[in-house]
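Visitor: This one is query28.cif, mmCIF, C-alpha atoms.
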data_entry
loop_
_atom_site.label_atom_id
_atom_site.label_comp_id
_atom_site.auth_asym_id
_atom_site.auth_seq_id
_atom_site.Cartn_x
_atom_site.Cartn_y
_atom_site.Cartn_z
CA MET A 1 0.00 0.00 0.00
CA ALA A 2 2.85 2.41 0.80
CA GLU A 3 4.12 1.80 -2.71
CA VAL A 4 0.72 2.60 -4.21
CA VAL A 5 0.49 5.82 -2.21
CA ASP A 6 4.00 6.75 -3.32
CA VAL A 7 3.27 6.17 -7.02
CA ARG A 8 0.05 8.16 -6.71
CA SER A 9 1.87 11.03 -4.97
CA ARG A 10 4.40 11.23 -7.77
CA ILE A 11 1.70 11.15 -10.45
CA LEU A 12 -0.13 14.00 -8.73
CA ALA A 13 3.09 15.99 -8.28
CA ALA A 14 3.92 15.63 -11.98
CA ASN A 15 0.38 16.72 -12.80
CA GLU A 16 0.68 19.79 -10.56
CA GLU A 17 3.84 20.81 -12.38
CA ALA A 18 2.22 20.49 -15.79
CA ALA A 19 -0.92 22.28 -14.58
CA SER A 20 1.12 25.17 -13.21
CA ALA A 21 2.85 25.64 -16.57
CA LEU A 22 -0.51 25.52 -18.33
CA ARG A 23 -1.96 28.11 -15.96
CA SER A 24 0.90 30.51 -16.75
CA ARG A 25 0.36 29.99 -20.45
CA PHE A 26 -3.41 30.59 -20.19
CA HIS A 27 -2.72 33.72 -18.15
CA ALA A 28 -0.34 35.07 -20.77
CA ASP A 29 -2.86 34.30 -23.51
CA GLY A 30 -5.76 35.82 -21.59
CA THR A 31 -7.72 32.59 -22.01
CA LEU A 32 -10.42 31.76 -19.46
CA VAL A 33 -10.36 28.00 -18.84
CA VAL A 34 -13.29 26.12 -17.34
CA ASN A 35 -13.02 22.49 -16.20
CA LEU A 36 -16.46 20.85 -16.42
CA ILE A 37 -17.00 17.78 -14.23
CA SER A 38 -20.06 15.60 -13.68
CA SER A 39 -21.48 12.10 -13.88
CA PRO A 40 -21.99 10.65 -17.35
CA GLY A 41 -25.10 12.15 -18.88
CA SER A 42 -25.53 15.14 -16.56
CA GLY A 43 -25.49 17.44 -19.56
CA LYS A 44 -21.96 18.86 -19.89
CA THR A 45 -22.01 18.78 -23.69
CA SER A 46 -25.61 19.97 -23.80
CA LEU A 47 -24.72 22.94 -21.60
CA LEU A 48 -21.90 23.81 -24.00
CA GLU A 49 -24.25 23.42 -26.97
CA ALA A 50 -26.51 26.02 -25.36
CA THR A 51 -23.55 28.26 -24.45
CA VAL A 52 -21.79 28.42 -27.80
CA PRO A 53 -24.55 30.17 -29.81
CA ALA A 54 -24.91 32.77 -27.04
CA LEU A 55 -21.22 33.66 -26.93
CA ARG A 56 -19.57 32.77 -30.22
CA ASP A 57 -20.22 36.13 -31.89
CA ARG A 58 -18.43 38.01 -29.11
CA HIS A 59 -15.66 35.61 -28.10
CA ARG A 60 -13.38 33.01 -29.65
CA LEU A 61 -14.48 29.73 -28.09
CA ALA A 62 -12.85 26.30 -28.11
CA ALA A 63 -13.34 22.98 -26.39
CA ILE A 64 -11.33 19.99 -25.26
CA GLU A 65 -13.43 16.86 -24.83
CA GLY A 66 -12.32 14.02 -22.58
CA ASP A 67 -13.86 10.59 -23.04
CA ILE A 68 -13.06 6.92 -22.68
CA ALA A 69 -14.14 6.27 -26.25
CA THR A 70 -15.77 7.91 -29.34
CA GLU A 71 -15.45 11.43 -30.85
CA ARG A 72 -19.14 12.05 -30.29
CA ASP A 73 -18.83 15.05 -27.97
CA ALA A 74 -16.21 16.86 -30.05
CA ASP A 75 -18.34 16.27 -33.15
CA ARG A 76 -21.35 17.85 -31.44
CA LEU A 77 -19.39 21.03 -30.73
CA ARG A 78 -17.71 21.18 -34.14
CA ARG A 79 -21.17 21.21 -35.66
CA LEU A 80 -21.68 24.54 -33.88
CA GLY A 81 -18.62 25.94 -35.59
CA ILE A 82 -16.08 25.96 -32.77
CA PRO A 83 -12.81 24.03 -32.72
CA ALA A 84 -12.87 20.97 -30.48
CA VAL A 85 -10.10 18.48 -29.77
CA GLN A 86 -11.11 15.05 -28.50
CA ILE A 87 -8.86 13.33 -25.96
CA LEU A 88 -9.50 9.60 -25.70
CA THR A 89 -8.22 8.39 -22.36
CA GLY A 90 -8.66 4.69 -23.06
CA GLY A 91 -9.39 3.31 -19.63
CA ALA A 92 -8.47 6.39 -17.57
CA CYS A 93 -11.33 7.96 -15.60
CA HIS A 94 -10.11 11.59 -15.76
CA LEU A 95 -8.08 14.03 -17.84
CA ASP A 96 -4.62 15.07 -16.71
CA ALA A 97 -2.67 18.26 -17.34
CA ARG A 98 -0.26 16.71 -19.81
CA GLN A 99 -3.12 15.52 -21.99
CA VAL A 100 -4.58 19.03 -21.91
CA ARG A 101 -1.19 20.52 -22.85
CA ARG A 102 -0.95 18.26 -25.89
CA ALA A 103 -4.49 19.26 -26.89
CA VAL A 104 -3.69 22.96 -26.44
CA ASP A 105 -0.65 22.49 -28.66
CA ASP A 106 -3.01 21.32 -31.41
CA ALA A 107 -3.08 24.21 -33.90
CA ARG A 108 -6.80 23.68 -34.52
CA LEU A 109 -7.69 25.19 -31.14
CA GLY A 110 -6.02 28.54 -31.85
CA VAL A 111 -5.79 30.94 -28.90
CA PRO A 112 -9.36 31.15 -27.62
CA ASP A 113 -10.88 33.68 -25.24
CA MET A 114 -12.70 30.86 -23.48
CA LEU A 115 -11.59 27.25 -23.43
CA PHE A 116 -14.06 24.66 -22.13
CA VAL A 117 -12.46 21.45 -20.90
CA GLU A 118 -15.09 18.77 -20.62
CA ASN A 119 -13.69 16.11 -18.34
CA VAL A 120 -14.43 12.38 -18.50
CA GLY A 121 -17.90 11.61 -17.14
CA ASN A 122 -17.06 10.88 -13.52
CA LEU A 123 -17.75 12.58 -10.18
CA ILE A 124 -14.71 11.12 -8.45
CA CYS A 125 -11.47 10.73 -10.40
CA PRO A 126 -11.26 14.21 -12.01
CA THR A 127 -11.40 15.93 -8.61
CA ALA A 128 -7.71 15.62 -7.75
CA TYR A 129 -6.31 16.57 -11.17
CA ASP A 130 -5.67 20.28 -11.71
CA LEU A 131 -5.77 21.08 -15.44
CA GLY A 132 -4.58 24.67 -15.16
CA GLU A 133 -8.20 25.87 -15.21
CA ASP A 134 -9.51 29.12 -13.75
CA PHE A 135 -12.24 27.20 -11.97
CA LYS A 136 -14.04 23.90 -11.85
CA VAL A 137 -17.75 23.56 -12.59
CA ALA A 138 -19.61 20.59 -11.11
CA LEU A 139 -22.87 19.71 -12.86
CA LEU A 140 -25.69 17.79 -11.22
CA SER A 141 -28.83 16.94 -13.17
CA VAL A 142 -32.14 16.89 -11.32
CA THR A 143 -32.70 13.33 -12.54
CA GLU A 144 -29.68 12.07 -10.57
CA GLY A 145 -31.28 12.74 -7.22
CA ASP A 146 -30.94 15.30 -4.47
CA ASP A 147 -28.62 13.15 -2.33
CA LYS A 148 -25.55 13.60 -4.48
CA PRO A 149 -23.56 16.53 -3.01
CA PHE A 150 -22.92 14.78 0.32
CA LYS A 151 -22.34 11.46 -1.46
CA TYR A 152 -19.62 13.03 -3.64
CA PRO A 153 -18.39 15.80 -1.33
CA ALA A 154 -14.91 16.38 -2.74
CA ILE A 155 -15.95 17.65 -6.13
CA PHE A 156 -18.78 19.82 -4.85
CA ALA A 157 -16.43 21.32 -2.24
CA ARG A 158 -13.81 22.17 -4.85
CA ALA A 159 -15.96 23.43 -7.70
CA ALA A 160 -16.38 27.23 -7.59
CA VAL A 161 -19.60 26.84 -9.56
CA ALA A 162 -22.28 24.16 -9.24
CA VAL A 163 -24.77 23.95 -12.10
CA VAL A 164 -28.03 22.10 -11.48
CA THR A 165 -29.03 20.96 -14.97
CA LYS A 166 -32.19 19.64 -16.69
CA ILE A 167 -34.45 21.78 -14.52
CA ASP A 168 -37.15 21.44 -17.18
CA LEU A 169 -37.57 17.89 -15.77
CA LEU A 170 -38.21 19.09 -12.21
CA PRO A 171 -41.98 18.48 -12.45
CA HIS A 172 -41.35 14.83 -13.34
CA VAL A 173 -38.83 13.83 -10.68
CA GLY A 174 -38.58 13.99 -6.92
CA PHE A 175 -35.77 16.49 -6.36
CA ASP A 176 -35.56 18.68 -3.28
CA LEU A 177 -33.79 21.78 -4.56
CA ASP A 178 -33.63 23.39 -1.12
CA ALA A 179 -31.90 20.33 0.30
CA VAL A 180 -29.36 20.41 -2.54
CA ARG A 181 -28.72 24.12 -1.99
CA ALA A 182 -28.17 23.47 1.71
CA GLU A 183 -25.69 20.65 1.06
CA LEU A 184 -23.81 22.69 -1.56
CA SER A 185 -23.63 25.64 0.81
CA THR A 186 -22.24 23.42 3.58
CA LEU A 187 -19.59 21.95 1.30
CA ASN A 188 -18.65 25.22 -0.36
CA PRO A 189 -20.02 28.35 1.35
CA ALA A 190 -18.40 30.68 -1.20
CA GLY A 191 -19.59 28.72 -4.23
CA THR A 192 -22.06 29.87 -6.85
CA VAL A 193 -25.11 27.76 -7.68
CA LEU A 194 -26.87 28.13 -11.03
CA LEU A 195 -29.97 26.37 -12.34
CA THR A 196 -30.13 25.63 -16.06
CA SER A 197 -32.02 23.81 -18.75
CA ALA A 198 -30.22 23.41 -22.03
CA ARG A 199 -33.54 22.41 -23.54
CA SER A 200 -35.68 25.37 -22.43
CA GLY A 201 -32.81 27.84 -22.26
CA GLU A 202 -33.61 28.76 -18.68
CA GLY A 203 -30.53 29.95 -16.78
CA ILE A 204 -28.25 29.99 -19.83
CA ALA A 205 -28.03 33.80 -19.84
CA ALA A 206 -26.93 33.81 -16.19
CA TRP A 207 -24.34 31.12 -16.90
CA CYS A 208 -22.99 33.06 -19.90
CA GLY A 209 -22.96 36.23 -17.82
CA LEU A 210 -20.85 34.49 -15.20
CA LEU A 211 -18.40 33.36 -17.88
CA GLU A 212 -18.10 36.85 -19.35
CA ALA A 213 -17.60 38.39 -15.91
CA ARG A 214 -14.86 35.89 -15.14
CA LEU A 215 -13.17 36.57 -18.45
CA ALA A 216 -13.29 40.32 -17.86
CA ALA A 217 -11.91 39.87 -14.34
CA LYS A 218 -9.07 37.72 -15.63
CA ARG A 219 -8.14 40.40 -18.11
CA GLY A 220 -8.12 43.06 -15.44
CA GLY A 221 -11.45 44.50 -16.37
CA ALA A 222 -10.34 45.19 -19.94
CA GLY A 223 -12.69 42.36 -21.08
CA MET B 24 4.79 4.61 -16.46
CA ALA B 25 6.12 1.03 -16.38
CA GLU B 26 6.09 1.27 -12.61
CA VAL B 27 2.46 2.45 -12.59
CA VAL B 28 1.45 -0.42 -14.86
CA ASP B 29 3.30 -2.84 -12.61
CA VAL B 30 1.62 -1.60 -9.43
CA ARG B 31 -1.77 -1.72 -11.14
CA SER B 32 -1.12 -5.29 -12.34
CA ARG B 33 -0.28 -6.43 -8.85
CA ILE B 34 -3.36 -4.74 -7.38
CA LEU B 35 -5.57 -6.46 -9.95
CA ALA B 36 -3.86 -9.83 -9.36
CA ALA B 37 -4.44 -9.54 -5.61
CA ASN B 38 -8.06 -8.65 -6.31
CA GLU B 39 -8.50 -11.67 -8.59
CA GLU B 40 -7.23 -13.93 -5.85
CA ALA B 41 -9.63 -12.48 -3.27
CA ALA B 42 -12.51 -12.61 -5.77
CA SER B 43 -11.82 -16.24 -6.56
CA ALA B 44 -11.98 -17.16 -2.87
CA LEU B 45 -15.21 -15.20 -2.51
CA ARG B 46 -16.74 -16.98 -5.51
CA SER B 47 -15.98 -20.39 -3.95
CA ARG B 48 -17.56 -19.26 -0.70
CA PHE B 49 -20.71 -17.93 -2.43
CA HIS B 50 -20.94 -21.19 -4.38
CA ALA B 51 -20.72 -23.25 -1.21
CA ASP B 52 -23.36 -21.04 0.44
CA GLY B 53 -25.67 -21.13 -2.58
CA THR B 54 -25.76 -17.33 -2.59
CA LEU B 55 -26.48 -15.54 -5.87
CA VAL B 56 -24.35 -12.40 -6.02
CA VAL B 57 -25.14 -9.48 -8.32
CA ASN B 58 -22.68 -6.61 -8.87
CA LEU B 59 -24.64 -3.46 -9.80
CA ILE B 60 -22.72 -0.78 -11.70
CA SER B 61 -23.80 2.57 -13.12
CA SER B 62 -23.26 6.31 -13.11
CA PRO B 63 -24.25 8.17 -9.95
CA GLY B 64 -28.01 8.58 -9.89
CA SER B 65 -28.94 5.97 -12.49
CA GLY B 66 -31.17 4.29 -9.97
CA LYS B 67 -29.27 1.35 -8.48
CA THR B 68 -30.70 1.83 -5.00
CA SER B 69 -34.16 2.61 -6.39
CA LEU B 70 -34.09 -0.63 -8.39
CA LEU B 71 -33.24 -2.53 -5.20
CA GLU B 72 -36.00 -0.70 -3.33
CA ALA B 73 -38.44 -2.00 -5.95
CA THR B 74 -36.89 -5.48 -5.89
CA VAL B 75 -36.88 -6.14 -2.16
CA PRO B 76 -40.66 -6.08 -1.53
CA ALA B 77 -41.18 -8.43 -4.50
CA LEU B 78 -38.71 -11.05 -3.31
CA ARG B 79 -38.22 -10.75 0.45
CA ASP B 80 -41.02 -13.14 1.36
CA ARG B 81 -39.51 -15.94 -0.70
CA HIS B 82 -35.77 -15.35 -0.33
CA ARG B 83 -33.29 -14.09 2.22
CA LEU B 84 -31.93 -10.86 0.72
CA ALA B 85 -28.96 -8.73 1.74
CA ALA B 86 -27.04 -5.80 0.30
CA ILE B 87 -23.56 -4.34 0.37
CA GLU B 88 -23.49 -0.64 -0.50
CA GLY B 89 -20.36 1.01 -1.85
CA ASP B 90 -20.03 4.78 -1.65
CA ILE B 91 -17.46 7.52 -1.27
CA ALA B 92 -19.33 8.99 1.67
CA THR B 93 -22.58 8.70 3.71
CA GLU B 94 -24.64 5.68 4.83
CA ARG B 95 -27.64 6.90 2.85
CA ASP B 96 -28.00 3.92 0.54
CA ALA B 97 -27.64 1.27 3.24
CA ASP B 98 -30.18 3.15 5.34
CA ARG B 99 -32.68 3.12 2.45
CA LEU B 100 -32.44 -0.68 2.21
CA ARG B 101 -32.51 -1.27 5.97
CA ARG B 102 -35.81 0.58 6.06
CA LEU B 103 -37.17 -2.23 3.87
CA GLY B 104 -36.12 -4.77 6.46
CA ILE B 105 -33.09 -6.34 4.84
CA PRO B 106 -29.55 -6.31 6.23
CA ALA B 107 -27.24 -3.89 4.47
CA VAL B 108 -23.57 -3.18 5.13
CA GLN B 109 -22.18 0.15 3.94
CA ILE B 110 -18.60 0.24 2.64
CA LEU B 111 -17.15 3.75 2.56
CA THR B 112 -14.27 3.81 0.10
CA GLY B 113 -13.06 7.30 0.97
CA GLY B 114 -11.65 8.49 -2.31
CA ALA B 115 -11.66 5.18 -4.19
CA CYS B 116 -13.92 5.01 -7.23
CA HIS B 117 -14.83 1.30 -7.01
CA LEU B 118 -15.25 -1.59 -4.60
CA ASP B 119 -12.63 -4.33 -4.44
CA ALA B 120 -12.94 -7.98 -3.45
CA ARG B 121 -11.21 -7.58 -0.12
CA GLN B 122 -13.68 -4.91 0.94
CA VAL B 123 -16.53 -7.21 -0.05
CA ARG B 124 -14.97 -10.09 1.91
CA ARG B 125 -14.83 -7.95 5.04
CA ALA B 126 -18.47 -6.94 4.53
CA VAL B 127 -19.51 -10.58 4.02
CA ASP B 128 -17.73 -11.45 7.27
CA ASP B 129 -20.05 -8.99 9.02
CA ALA B 130 -22.49 -11.18 10.96
CA ARG B 131 -25.36 -8.81 10.18
CA LEU B 132 -25.50 -10.02 6.57
CA GLY B 133 -26.14 -13.65 7.52
CA VAL B 134 -26.03 -16.15 4.64
CA PRO B 135 -28.45 -14.70 2.10
CA ASP B 136 -30.00 -16.35 -0.94
CA MET B 137 -29.35 -13.22 -2.96
CA LEU B 138 -26.67 -10.66 -2.21
CA PHE B 139 -26.81 -7.35 -4.05
CA VAL B 140 -23.52 -5.50 -4.23
CA GLU B 141 -24.13 -1.90 -5.20
CA ASN B 142 -20.84 -0.55 -6.48
CA VAL B 143 -19.65 3.06 -6.22
CA GLY B 144 -21.46 5.29 -8.72
CA ASN B 145 -19.07 5.12 -11.64
CA LEU B 146 -19.18 3.66 -15.14
CA ILE B 147 -15.42 3.22 -15.43
CA CYS B 148 -13.44 2.14 -12.35
CA PRO B 149 -15.60 -0.80 -11.18
CA THR B 150 -15.28 -2.55 -14.54
CA ALA B 151 -11.92 -4.22 -13.89
CA TYR B 152 -12.59 -5.38 -10.32
CA ASP B 153 -14.12 -8.82 -9.97
CA LEU B 154 -16.02 -9.07 -6.68
CA GLY B 155 -16.77 -12.79 -6.87
CA GLU B 156 -20.21 -12.01 -8.31
CA ASP B 157 -22.30 -14.32 -10.49
CA PHE B 158 -22.81 -11.50 -12.96
CA LYS B 159 -22.53 -7.77 -13.42
CA VAL B 160 -25.53 -5.56 -14.10
CA ALA B 161 -24.96 -2.23 -15.85
CA LEU B 162 -27.73 0.32 -15.39
CA LEU B 163 -28.35 3.22 -17.76
CA SER B 164 -31.13 5.71 -17.07
CA VAL B 165 -32.98 7.20 -20.02
CA THR B 166 -32.12 10.68 -18.73
CA GLU B 167 -28.40 10.04 -19.24
CA GLY B 168 -28.69 9.91 -23.02
CA ASP B 169 -28.65 7.25 -25.68
CA ASP B 170 -24.97 7.71 -26.56
CA LYS B 171 -23.61 6.04 -23.44
CA PRO B 172 -22.95 2.37 -24.36
CA PHE B 173 -20.31 3.20 -26.99
CA LYS B 174 -18.89 5.96 -24.78
CA TYR B 175 -18.37 3.48 -21.92
CA PRO B 176 -17.92 0.26 -23.86
CA ALA B 177 -16.01 -1.82 -21.32
CA ILE B 178 -18.74 -2.05 -18.72
CA PHE B 179 -21.55 -2.65 -21.21
CA ALA B 180 -19.46 -5.37 -22.88
CA ARG B 181 -18.83 -7.14 -19.57
CA ALA B 182 -22.23 -6.86 -17.91
CA ALA B 183 -24.39 -9.92 -18.57
CA VAL B 184 -27.46 -7.78 -17.94
CA ALA B 185 -28.10 -4.17 -18.97
CA VAL B 186 -31.02 -2.46 -17.26
CA VAL B 187 -32.42 0.68 -18.86
CA THR B 188 -33.96 2.54 -15.93
CA LYS B 189 -36.42 5.41 -15.38
CA ILE B 190 -38.42 4.47 -18.48
CA ASP B 191 -41.37 6.39 -17.02
CA LEU B 192 -39.41 9.50 -18.07
CA LEU B 193 -39.14 8.43 -21.75
CA PRO B 194 -41.89 10.85 -22.87
CA HIS B 195 -39.92 13.77 -21.42
CA VAL B 196 -36.44 13.10 -22.81
CA GLY B 197 -34.89 12.43 -26.19
CA PHE B 198 -33.74 8.83 -25.90
CA ASP B 199 -33.47 6.51 -28.89
CA LEU B 200 -34.12 3.09 -27.37
CA ASP B 201 -33.49 1.26 -30.65
CA ALA B 202 -30.07 2.90 -30.96
CA VAL B 203 -29.22 1.86 -27.40
CA ARG B 204 -30.36 -1.71 -28.06
CA ALA B 205 -28.20 -1.82 -31.19
CA GLU B 206 -25.11 -0.56 -29.33
CA LEU B 207 -25.65 -2.96 -26.44
CA SER B 208 -26.07 -5.84 -28.87
CA THR B 209 -22.84 -4.92 -30.64
CA LEU B 210 -20.91 -4.73 -27.39
CA ASN B 211 -22.44 -7.84 -25.85
CA PRO B 212 -24.39 -10.03 -28.29
CA ALA B 213 -25.25 -12.57 -25.58
CA GLY B 214 -26.35 -9.96 -23.05
CA THR B 215 -29.85 -9.47 -21.69
CA VAL B 216 -31.50 -6.04 -21.86
CA LEU B 217 -34.34 -5.13 -19.49
CA LEU B 218 -36.39 -1.93 -19.26
CA THR B 219 -37.55 -0.83 -15.84
CA SER B 220 -39.14 1.95 -13.88
CA ALA B 221 -38.78 1.74 -10.12
CA ARG B 222 -41.46 4.43 -9.91
CA SER B 223 -44.18 2.81 -12.05
CA GLY B 224 -43.08 -0.76 -11.38
CA GLU B 225 -42.80 -1.54 -15.08
CA GLY B 226 -40.27 -4.27 -15.77
CA ILE B 227 -39.67 -5.13 -12.11
CA ALA B 228 -41.40 -8.53 -12.41
CA ALA B 229 -39.16 -9.46 -15.36
CA TRP B 230 -36.07 -8.37 -13.43
CA CYS B 231 -37.12 -10.39 -10.37
CA GLY B 232 -37.88 -13.36 -12.61
CA LEU B 233 -34.37 -13.17 -14.02
CA LEU B 234 -32.91 -13.12 -10.51
CA GLU B 235 -34.96 -16.13 -9.42
CA ALA B 236 -34.04 -18.07 -12.56
CA ARG B 237 -30.35 -17.37 -11.97
CA LEU B 238 -30.64 -18.43 -8.34
CA ALA B 239 -32.38 -21.66 -9.33
CA ALA B 240 -29.74 -22.34 -12.00
CA LYS B 241 -26.94 -21.77 -9.51
CA ARG B 242 -28.51 -24.26 -7.16
CA GLY B 243 -28.80 -26.86 -9.90
CA GLY B 244 -32.50 -26.34 -10.43
CA ALA B 245 -33.28 -27.06 -6.78
CA GLY B 246 -34.13 -23.34 -6.35
#
Go ahead and express the file in the form of structure tokens.

Guide:
Amino acid sequence: MAEVVDVRSRILAANEEAASALRSRFHADGTLVVNLISSPGSGKTSLLEATVPALRDRHRLAAIEGDIATERDADRLRRLGIPAVQILTGGACHLDARQVRRAVDDARLGVPDMLFVENVGNLICPTAYDLGEDFKVALLSVTEGDDKPFKYPAIFARAAVAVVTKIDLLPHVGFDLDAVRAELSTLNPAGTVLLTSARSGEGIAAWCGLLEARLAAKRGGAG
Amino acid sequence: MAEVVDVRSRILAANEEAASALRSRFHADGTLVVNLISSPGSGKTSLLEATVPALRDRHRLAAIEGDIATERDADRLRRLGIPAVQILTGGACHLDARQVRRAVDDARLGVPDMLFVENVGNLICPTAYDLGEDFKVALLSVTEGDDKPFKYPAIFARAAVAVVTKIDLLPHVGFDLDAVRAELSTLNPAGTVLLTSARSGEGIAAWCGLLEARLAAKRGGAG
């Protein structure tokens, strides 16, 4: 077990180093980087599909898509006219900073104003891997149940923004929004909680507003 | 990297050994063991909540619940009157055979006819860890999207049974059931696909029938 812990420590240390270099590069480029994390099927790609049309006329957008298999998510975003690089992790349950660096080196991405990094569908493994992002976003769909923040506390504690997705389905599922807000607030008192539906469009303007405010702040208000 | 691969190989080999011993023990006890795997919030516990009342009068049932944090799932099953042992994995994204052995050694579980092992909510990590089960069940809720089998091929290829859950929500989501059936059939031509709704009860009788048939088969038809 000591050996396992040691190997894991070295992997995380190497990741931290790569993430730190990436963060410097994104700072120099003025690129806002968002690391999107959720269970499979919580609506990460759907949220981006709703985001891109709202922002693409004002900002250069790009995406890095992490998956075990298939180019499906990158293809969905390319259809909206933004560059997207697919990282296939094989069996790995999260992206790491070196994979993101290789993707950023791909000339197709250009130097975007906002770079969305859609992590592998997983509420656990991506938590510990810094990708040089400005902030993490944890998505939770109302169909997954209102017990999830305390069941997966690490990611909801670390994500600066929690997005409750698929709120158009609220009338059809038992989901106690107040209980979820209370758990999120306990785990991350300074965090922001947004409610969205990619289908109805509800909450997308607030989400895009948050992204634009963060971009402006990163660029010292020169937006 | 060679070192990481080596450590991982040894971990898996140790797991195989523990799983093999567990399988012999379950065989001797005549206990049918089902390893339930899915994303967070696909409805593993809800499926068990619908299963228990249908089977508890005819069979001794027990559950082992794997989670990162909280006893919530074990508590839900205890309320139905069956013994349930909660394994908290801390940060680990899957159960392993040694954890299951310790849980089985817990006198509260007794020697059940059917033992449900609810893995940590994750479509990736649990795939490689044999727990001595008779078969794996992969759950996919209709709210997660119809693209998931090919995006997470390993688990859907290995699970003898795929359960499409929350089918009461089909009218409210875009979910191409035929496409999912085709992907599941490609990944696992011999697999069984069931459709269920824990809320409406649809498909629960077929699922329970499958469990009873497997139990009878394991006991040489003496059921």

Visitor: Starting from the shown file, work through the PyMOL selection byres ((chain A and resi 43) around 9) and note down what comes out as a ChimeraX atom specification.

Guide: /A:38-42,44-48,139-141,165-166,198 /B:167-168

Visitor: Could you turn the residues from that selection into a file that holds C-alpha atoms, as a PDB file, in the coordinates of the input?

Guide:
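Produced file out_25.pdb, reproduced below:
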ATOM      1  CA  SER A  38     -20.060  15.600 -13.680  1.00  0.00           C
ATOM      2  CA  SER A  39     -21.480  12.100 -13.880  1.00  0.00           C
ATOM      3  CA  PRO A  40     -21.990  10.650 -17.350  1.00  0.00           C
ATOM      4  CA  GLY A  41     -25.100  12.150 -18.880  1.00  0.00           C
ATOM      5  CA  SER A  42     -25.530  15.140 -16.560  1.00  0.00           C
ATOM      6  CA  LYS A  44     -21.960  18.860 -19.890  1.00  0.00           C
ATOM      7  CA  THR A  45     -22.010  18.780 -23.690  1.00  0.00           C
ATOM      8  CA  SER A  46     -25.610  19.970 -23.800  1.00  0.00           C
ATOM      9  CA  LEU A  47     -24.720  22.940 -21.600  1.00  0.00           C
ATOM     10  CA  LEU A  48     -21.900  23.810 -24.000  1.00  0.00           C
ATOM     11  CA  LEU A 139     -22.870  19.710 -12.860  1.00  0.00           C
ATOM     12  CA  LEU A 140     -25.690  17.790 -11.220  1.00  0.00           C
ATOM     13  CA  SER A 141     -28.830  16.940 -13.170  1.00  0.00           C
ATOM     14  CA  THR A 165     -29.030  20.960 -14.970  1.00  0.00           C
ATOM     15  CA  LYS A 166     -32.190  19.640 -16.690  1.00  0.00           C
ATOM     16  CA  ALA A 198     -30.220  23.410 -22.030  1.00  0.00           C
TER      17      ALA A 198
ATOM     18  CA  GLU B 167     -28.400  10.040 -19.240  1.00  0.00           C
ATOM     19  CA  GLY B 168     -28.690   9.910 -23.020  1.00  0.00           C
TER      20      GLY B 168
END

Visitor: Provide as a ChimeraX atom specification the residues of chain B at most 10 Å from chain A, counting all atoms listed in the file.

Guide: /B:24,26-27,30-31,34,61-66,90-96,113-117,143-148,150-151,163-177,189,191-192,195-196,222

Visitor: Leu184 (chain A): which residues within 8 Å, counting only C-alpha atoms, same-chain residues fewer than 4 positions away excluded, as a ChimeraX atom specification?

Guide: /A:149,156-157,162,180,188-189,191

Visitor: Run the PyMOL selection byres ((chain B and resi 79) around 12) against the file shown and list the residues it catches, as a PyMOL selection string.

Guide: chain B and resi 71-78+80-85+100+103-106+135-138+231+235

Visitor: Could you check how far CA of Leu111 (chain B) sits from CA of Pro149 (chain B), in Å to one decimal?

Guide: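 Atom-to-atom, CA of Leu111 (chain B) to CA of Pro149 (chain B), that is 14.6 Å.
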
Visitor: Just want the 12 Å neighbourhood of Ser20 (chain A), counted on only C-alpha atoms, with same-chain residues fewer than 6 positions away dropped. Output as a list in words.

Guide: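 Counting only the stated atoms, we get Ala13, Ala14, Phe26, His27, Ala97, Arg98, Arg101, Tyr129, Asp130, Leu131, Gly132, Glu133 and Asp134 of chain A.
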
Visitor: Measure the distance from CA of Asp201 (chain B) to CA of Leu218 (chain B) in Å and round it to one decimal.

Guide: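 These atoms are spaced 12.2 Å apart.
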
Visitor: Using only C-alpha atoms, can you tell me which of B:Glu40, B:Leu59, B:Ala86, B:Arg33 comes closest to Ala161 (chain B)?

Guide: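 Among the listed residues, B:Leu59 lies closest to Ala161 (chain B).
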
Visitor: Hey, can you check how far CA of Glu16 (chain A) sits from CA of Glu118 (chain A)?

Guide: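 Between CA of Glu16 (chain A) and CA of Glu118 (chain A) the gap is 18.7 Å.
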
Visitor: For the point (0.0, 32.3, -19.7) in file coordinates, what residues are within 12 Å, counting all atoms listed in the file? Give the answer as a ChimeraX atom specification?

Guide: /A:19-33,111,132-134,218-219

Visitor: Could you list, as a PDB file with C-alpha atoms, keeping the file's coordinate frame, every residue matched by the PyMOL selection byres ((chain A and resi 85) around 7) in this structure?

Guide:
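Output below, filename selection_36.pdb:
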ATOM      1  CA  ALA A  63     -13.340  22.980 -26.390  1.00  0.00           C
ATOM      2  CA  ILE A  64     -11.330  19.990 -25.260  1.00  0.00           C
ATOM      3  CA  GLU A  65     -13.430  16.860 -24.830  1.00  0.00           C
ATOM      4  CA  ALA A  74     -16.210  16.860 -30.050  1.00  0.00           C
ATOM      5  CA  PRO A  83     -12.810  24.030 -32.720  1.00  0.00           C
ATOM      6  CA  ALA A  84     -12.870  20.970 -30.480  1.00  0.00           C
ATOM      7  CA  GLN A  86     -11.110  15.050 -28.500  1.00  0.00           C
ATOM      8  CA  ILE A  87      -8.860  13.330 -25.960  1.00  0.00           C
ATOM      9  CA  ALA A 103      -4.490  19.260 -26.890  1.00  0.00           C
TER      10      ALA A 103
END

Visitor: Give the answer as one residue: which of B:Ile190, B:Ala183, B:Leu132, B:Ala41 has the shortest atom-to-atom distance to Val160 (chain B), using all atoms listed in the file?

Guide: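 Among B:Ile190, B:Ala183, B:Leu132, B:Ala41, it is B:Ala183 that comes nearest to Val160 (chain B).
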